[in-house]
Amino acid sequence: MRAAHRLTQRVATRQASAIAPTAGQGVNPAPTHMLPPVSLLVEQPEVGAFNPPKRLLMGPGPGNAHPRVHAAMALPQIGHMDGAFLQMAEEIKEMLRYAWQTKNPFTVPCSGTGSAAWEALCANLTSPGDKHLVLVNGYFGLRHCDMASRYGAEIIKLEKPWGEVFTPEEVDAACAEHKPDMIWVAHAETSTGACQPMDQLGEIARNHDCLLAADTVTSIGGLPVRLDEWGVDAAYAGGQKALSCPPGIAPLTFGDRALTKMDKRTAAGEQVKNWYLDMNMIKQYLVVNDFGVPRVYHHTAPISMAYALREALGILTEEGLEASWSRHRDAAEFFWNELEKIGLECH
């Protein structure tokens, strides 16, 4: 018992010395108890503090994060099961519904970049043999073909030259011919800047009894997005573009028809082929239920990134959607006009 007590004291001493800085120095003190010398395979590297250069990020993403977002990331961490964190998650969900103009209860922040939320959509809404009608008019349409095929989807490409958009008649005819289980569309195709008109696509999906999935990574916060009005069943986004949040946490939303698809898969004994992104499990953690069932831990949420997303969405909410859409449109038109002055034309 004495030996165990001394061991506990030594562990506690090392933990305390690793956490508490020396008064006035801000550095860790030397540990009280030193381990015997050992031979290391990899020597201690000599690195100093990282001081990244200041860049004005003008590409398609990531963009510069708002200073308030950076400040939020420096706030003290709390646990991912802390009531304060879970309350903050509810605020994030509420503001995401505003940004997307949807009332979907299942609207959550997904751990990872926009591609993680995208893969979550594929993993949870694709059964082996499902047909995905993919509207390919840029690089990211091709990426969906790759991603969905890895979950067993049969890929049907509806293709246009990069930069062009699809008509409702073209989508309807393709659905009539191929009878897909899902239509995938990039609302704003990042690789070309093309914005796909969404009118009638939801109606077409319902007429052909298939889901409508939308990539809004580039458009959320920067372009009018009205998921419920358009009849979108599932969508994902990223924070690192028009929301001015660093990459690392991504919005995801499923409507009733998408959740029904998930329930049918579960009832059939079909397991989601991705544990980390299994939204059946995430629902038990992030979605409040009406039966008093306690939330269930799934994985450690990225606390500081959640702070960042909440602050970014708070800034958007303060500004207002219409004002944000107008600001991004003004910036785009200014850019287009400046391109013309140097002899360049937009597609």
# chains A, B, ... in the order shown; residues from 1 in each chain; ligands from 1
call {"tool": "select_by_dssp", "arguments": {"residues": "segment 240-297 of chain A", "states": "helix (DSSP H, G or I)", "output": "PyMOL selection string"}}
result
chain A and resi 256-267+279-286
call {"tool": "residues_around", "arguments": {"residues": "Ala332 of chain A", "least_positions_apart": "6", "cutoff": "12 Å", "atoms": "only C-alpha atoms", "output": "list in words"}}
result
Met58, Gly193, Gly222, Leu223, Trp325, Ser326, Glu338, Leu339 and Cys346 of chain A
call {"tool": "residues_around", "arguments": {"residues": "Lys157 of chain A", "least_positions_apart": "6", "cutoff": "8 Å", "atoms": "only C-alpha atoms", "output": "PyMOL selection string"}}
result
chain A and resi 133-136
call {"tool": "closest_residue", "arguments": {"among": "A:Asp130, A:Glu311, A:Asp278, A:Asp256", "to": "His66 of chain A", "atoms": "only C-alpha atoms"}}
result
A:Glu311
call {"tool": "residues_around", "arguments": {"residues": "Glu90 of chain A", "least_positions_apart": "5", "cutoff": "10 Å", "atoms": "only C-alpha atoms", "output": "list in words"}}
result
Ala84, Phe85, Met95, Leu96, Thr107, Val108, Pro109, Leu286, Val287, Val288 and Arg310 of chain A
call {"tool": "write_last_selection", "arguments": {"atoms": "N, CA, C and O atoms", "output": "short mmCIF file (atom, residue, chain, number, x, y, z; two decimals), in the first residue's frame"}}
result
data_model
loop_
_atom_site.label_atom_id
_atom_site.label_comp_id
_atom_site.auth_asym_id
_atom_site.auth_seq_id
_atom_site.Cartn_x
_atom_site.Cartn_y
_atom_site.Cartn_z
N ALA A 84 -22.40 23.24 -20.41
CA ALA A 84 -22.18 24.50 -21.12
C ALA A 84 -21.82 24.24 -22.58
O ALA A 84 -22.26 24.97 -23.49
N PHE A 85 -21.02 23.17 -22.82
CA PHE A 85 -20.69 22.85 -24.20
C PHE A 85 -21.91 22.37 -24.97
O PHE A 85 -22.13 22.75 -26.13
N MET A 95 -28.35 28.41 -35.14
CA MET A 95 -27.83 29.37 -36.12
C MET A 95 -27.57 28.71 -37.47
O MET A 95 -27.70 29.37 -38.52
N LEU A 96 -27.22 27.43 -37.48
CA LEU A 96 -27.08 26.73 -38.76
C LEU A 96 -28.42 26.64 -39.48
O LEU A 96 -28.48 26.77 -40.71
N THR A 107 -29.66 18.94 -37.45
CA THR A 107 -28.73 19.89 -38.05
C THR A 107 -27.60 20.04 -37.06
O THR A 107 -27.79 20.56 -35.96
N VAL A 108 -26.40 19.56 -37.42
CA VAL A 108 -25.34 19.41 -36.43
C VAL A 108 -24.00 19.88 -36.98
O VAL A 108 -23.78 19.89 -38.18
N PRO A 109 -23.08 20.23 -36.07
CA PRO A 109 -21.69 20.42 -36.48
C PRO A 109 -20.99 19.07 -36.51
O PRO A 109 -21.11 18.27 -35.58
N LEU A 286 -25.72 14.44 -29.85
CA LEU A 286 -25.97 15.85 -30.16
C LEU A 286 -27.44 16.23 -30.29
O LEU A 286 -27.75 17.41 -30.37
N VAL A 287 -28.33 15.26 -30.34
CA VAL A 287 -29.74 15.59 -30.55
C VAL A 287 -30.52 15.36 -29.26
O VAL A 287 -30.52 14.25 -28.71
N VAL A 288 -31.18 16.41 -28.79
CA VAL A 288 -32.00 16.31 -27.58
C VAL A 288 -33.23 15.48 -27.88
O VAL A 288 -33.89 15.67 -28.91
N ARG A 310 -19.26 28.67 -33.61
CA ARG A 310 -20.31 29.43 -32.95
C ARG A 310 -20.10 30.93 -33.14
O ARG A 310 -21.05 31.67 -33.42
#
call {"tool": "select_by_dssp", "arguments": {"residues": "segment 160-282 of chain A", "states": "strand (DSSP E)", "output": "MDAnalysis selection string"}}
result
chainID A and resid 182:186 188:189 194:195 211:215 234:236 249:254
call {"tool": "closest_residue", "arguments": {"among": "A:Pro224, A:Gly163, A:Gly248, A:Gly202", "to": "Ala308 of chain A", "atoms": "only C-alpha atoms"}}
result
A:Gly248
call {"tool": "atom_distance", "arguments": {"atom1": "atom CA of Ala89 of chain A", "atom2": "atom CA of Pro247 of chain A"}}
result
17.4 Å
call {"tool": "residues_around", "arguments": {"residues": "Thr126 of chain A", "least_positions_apart": "6", "cutoff": "10 Å", "atoms": "only C-alpha atoms", "output": "MDAnalysis selection string"}}
result
chainID A and resid 120 132 148:154 181:182 261:262 265 272:273
call {"tool": "closest_residue", "arguments": {"among": "A:Leu252, A:Ile303, A:Ala205, A:Ala188", "to": "Ala116 of chain A", "atoms": "only C-alpha atoms"}}
result
A:Leu252
call {"tool": "residues_around", "arguments": {"residues": "Trp118 of chain A", "least_positions_apart": "5", "cutoff": "10 Å", "atoms": "only C-alpha atoms", "output": "list of chain:residue names"}}
result
A:Cys110, A:Thr113, A:Ala123, A:His144, A:Met147, A:Ala148, A:Ala213, A:Ala214, A:Asp215, A:Val217, A:Ala234, A:Ala235, A:Tyr236, A:Ala237, A:Gly238, A:Ala250, A:Pro251, A:Leu252, A:Leu277
call {"tool": "write_last_selection", "arguments": {"atoms": "all heavy atoms", "output": "short mmCIF file (atom, residue, chain, number, x, y, z; two decimals), in the first residue's frame"}}
result
data_model
loop_
_atom_site.label_atom_id
_atom_site.label_comp_id
_atom_site.auth_asym_id
_atom_site.auth_seq_id
_atom_site.Cartn_x
_atom_site.Cartn_y
_atom_site.Cartn_z
N CYS A 110 -20.28 18.82 -37.57
CA CYS A 110 -19.60 17.53 -37.76
C CYS A 110 -18.10 17.73 -37.55
O CYS A 110 -17.51 18.68 -38.09
CB CYS A 110 -19.89 17.02 -39.18
SG CYS A 110 -19.25 15.38 -39.54
N THR A 113 -13.40 18.66 -41.58
CA THR A 113 -13.66 19.68 -42.59
C THR A 113 -14.93 19.34 -43.37
O THR A 113 -15.60 18.34 -43.09
CB THR A 113 -12.47 19.78 -43.56
OG1 THR A 113 -12.33 18.52 -44.24
CG2 THR A 113 -11.19 20.10 -42.83
N ALA A 123 -21.94 8.02 -46.27
CA ALA A 123 -21.90 6.81 -45.45
C ALA A 123 -23.26 6.47 -44.87
O ALA A 123 -23.62 5.28 -44.75
CB ALA A 123 -20.88 6.99 -44.32
N HIS A 144 -17.58 13.40 -55.77
CA HIS A 144 -18.70 12.65 -55.22
C HIS A 144 -18.79 11.27 -55.86
O HIS A 144 -19.12 10.29 -55.18
CB HIS A 144 -20.02 13.38 -55.41
CG HIS A 144 -21.17 12.66 -54.76
ND1 HIS A 144 -21.45 12.75 -53.42
CD2 HIS A 144 -22.08 11.78 -55.27
CE1 HIS A 144 -22.47 11.99 -53.12
NE2 HIS A 144 -22.88 11.38 -54.23
N MET A 147 -16.27 9.22 -53.97
CA MET A 147 -16.62 8.97 -52.57
C MET A 147 -17.80 8.01 -52.46
O MET A 147 -17.76 7.04 -51.69
CB MET A 147 -16.96 10.30 -51.89
CG MET A 147 -17.11 10.20 -50.38
SD MET A 147 -17.55 11.79 -49.64
CE MET A 147 -16.08 12.75 -49.95
N ALA A 148 -18.86 8.26 -53.20
CA ALA A 148 -20.05 7.43 -53.09
C ALA A 148 -19.81 6.00 -53.58
O ALA A 148 -20.36 5.04 -53.04
CB ALA A 148 -21.21 8.06 -53.86
N ALA A 213 -29.56 15.63 -52.51
CA ALA A 213 -28.44 16.01 -51.65
C ALA A 213 -27.71 17.18 -52.28
O ALA A 213 -27.45 17.18 -53.49
CB ALA A 213 -27.48 14.84 -51.45
N ALA A 214 -27.35 18.18 -51.46
CA ALA A 214 -26.73 19.39 -51.98
C ALA A 214 -25.43 19.70 -51.26
O ALA A 214 -25.35 19.66 -50.03
CB ALA A 214 -27.68 20.58 -51.86
N ASP A 215 -24.42 20.01 -52.06
CA ASP A 215 -23.15 20.53 -51.55
C ASP A 215 -23.27 22.05 -51.48
O ASP A 215 -23.43 22.72 -52.50
CB ASP A 215 -22.04 20.12 -52.53
CG ASP A 215 -20.66 20.63 -52.14
OD1 ASP A 215 -20.55 21.79 -51.71
OD2 ASP A 215 -19.69 19.88 -52.31
N VAL A 217 -20.90 23.87 -49.59
CA VAL A 217 -19.65 24.25 -48.94
C VAL A 217 -19.29 25.69 -49.25
O VAL A 217 -18.91 26.46 -48.38
CB VAL A 217 -18.52 23.29 -49.36
CG1 VAL A 217 -17.16 23.83 -48.92
CG2 VAL A 217 -18.74 21.91 -48.76
N ALA A 234 -30.82 16.51 -47.80
CA ALA A 234 -29.58 16.42 -47.03
C ALA A 234 -28.57 17.40 -47.62
O ALA A 234 -28.50 17.56 -48.84
CB ALA A 234 -29.02 15.00 -47.05
N ALA A 235 -27.82 18.04 -46.75
CA ALA A 235 -26.82 19.00 -47.22
C ALA A 235 -25.67 19.06 -46.23
O ALA A 235 -25.80 18.70 -45.06
CB ALA A 235 -27.44 20.39 -47.39
N TYR A 236 -24.56 19.52 -46.73
CA TYR A 236 -23.38 19.73 -45.90
C TYR A 236 -22.71 21.02 -46.35
O TYR A 236 -23.02 21.57 -47.43
CB TYR A 236 -22.40 18.55 -46.02
CG TYR A 236 -21.98 18.24 -47.43
CD1 TYR A 236 -20.88 18.86 -48.02
CD2 TYR A 236 -22.72 17.35 -48.21
CE1 TYR A 236 -20.51 18.58 -49.32
CE2 TYR A 236 -22.36 17.07 -49.52
CZ TYR A 236 -21.25 17.70 -50.06
OH TYR A 236 -20.91 17.43 -51.37
N ALA A 237 -21.81 21.53 -45.52
CA ALA A 237 -21.13 22.78 -45.84
C ALA A 237 -19.77 22.78 -45.18
O ALA A 237 -19.37 21.83 -44.50
CB ALA A 237 -21.98 23.98 -45.38
N GLY A 238 -19.05 23.88 -45.36
CA GLY A 238 -17.77 24.09 -44.70
C GLY A 238 -17.78 25.45 -44.04
O GLY A 238 -18.55 26.33 -44.44
N ALA A 250 -17.64 21.14 -39.57
CA ALA A 250 -18.47 21.28 -40.77
C ALA A 250 -19.94 21.05 -40.48
O ALA A 250 -20.30 20.10 -39.79
CB ALA A 250 -17.99 20.30 -41.85
N PRO A 251 -20.81 21.89 -41.03
CA PRO A 251 -22.26 21.71 -40.86
C PRO A 251 -22.80 20.54 -41.68
O PRO A 251 -22.36 20.29 -42.81
CB PRO A 251 -22.84 23.04 -41.37
CG PRO A 251 -21.69 24.02 -41.33
CD PRO A 251 -20.48 23.19 -41.64
N LEU A 252 -23.78 19.86 -41.10
CA LEU A 252 -24.46 18.75 -41.76
C LEU A 252 -25.92 18.78 -41.35
O LEU A 252 -26.25 19.01 -40.19
CB LEU A 252 -23.84 17.41 -41.33
CG LEU A 252 -24.47 16.13 -41.87
CD1 LEU A 252 -24.23 15.99 -43.37
CD2 LEU A 252 -23.91 14.91 -41.13
N LEU A 277 -18.28 8.57 -38.37
CA LEU A 277 -19.29 9.43 -38.98
C LEU A 277 -20.68 8.78 -38.98
O LEU A 277 -21.54 9.18 -39.76
CB LEU A 277 -18.88 9.79 -40.42
CG LEU A 277 -17.56 10.54 -40.55
CD1 LEU A 277 -17.18 10.71 -42.01
CD2 LEU A 277 -17.62 11.89 -39.85
#
call {"tool": "closest_residue", "arguments": {"among": "A:Asp146, A:Tyr139, A:Glu229, A:Gly343", "to": "Ala186 of chain A", "atoms": "only C-alpha atoms"}}
result
A:Tyr139
call {"tool": "residues_around", "arguments": {"residues": "Cys245 of chain A", "least_positions_apart": "6", "cutoff": "9 Å", "atoms": "only C-alpha atoms", "output": "PyMOL selection string"}}
result
chain A and resi 62-66+69-70+238-239+305+308-309+311-313
call {"tool": "closest_residue", "arguments": {"among": "A:Asp199, A:Leu259, A:Asn124, A:Gly138", "to": "Trp275 of chain A", "atoms": "only C-alpha atoms"}}
result
A:Asn124
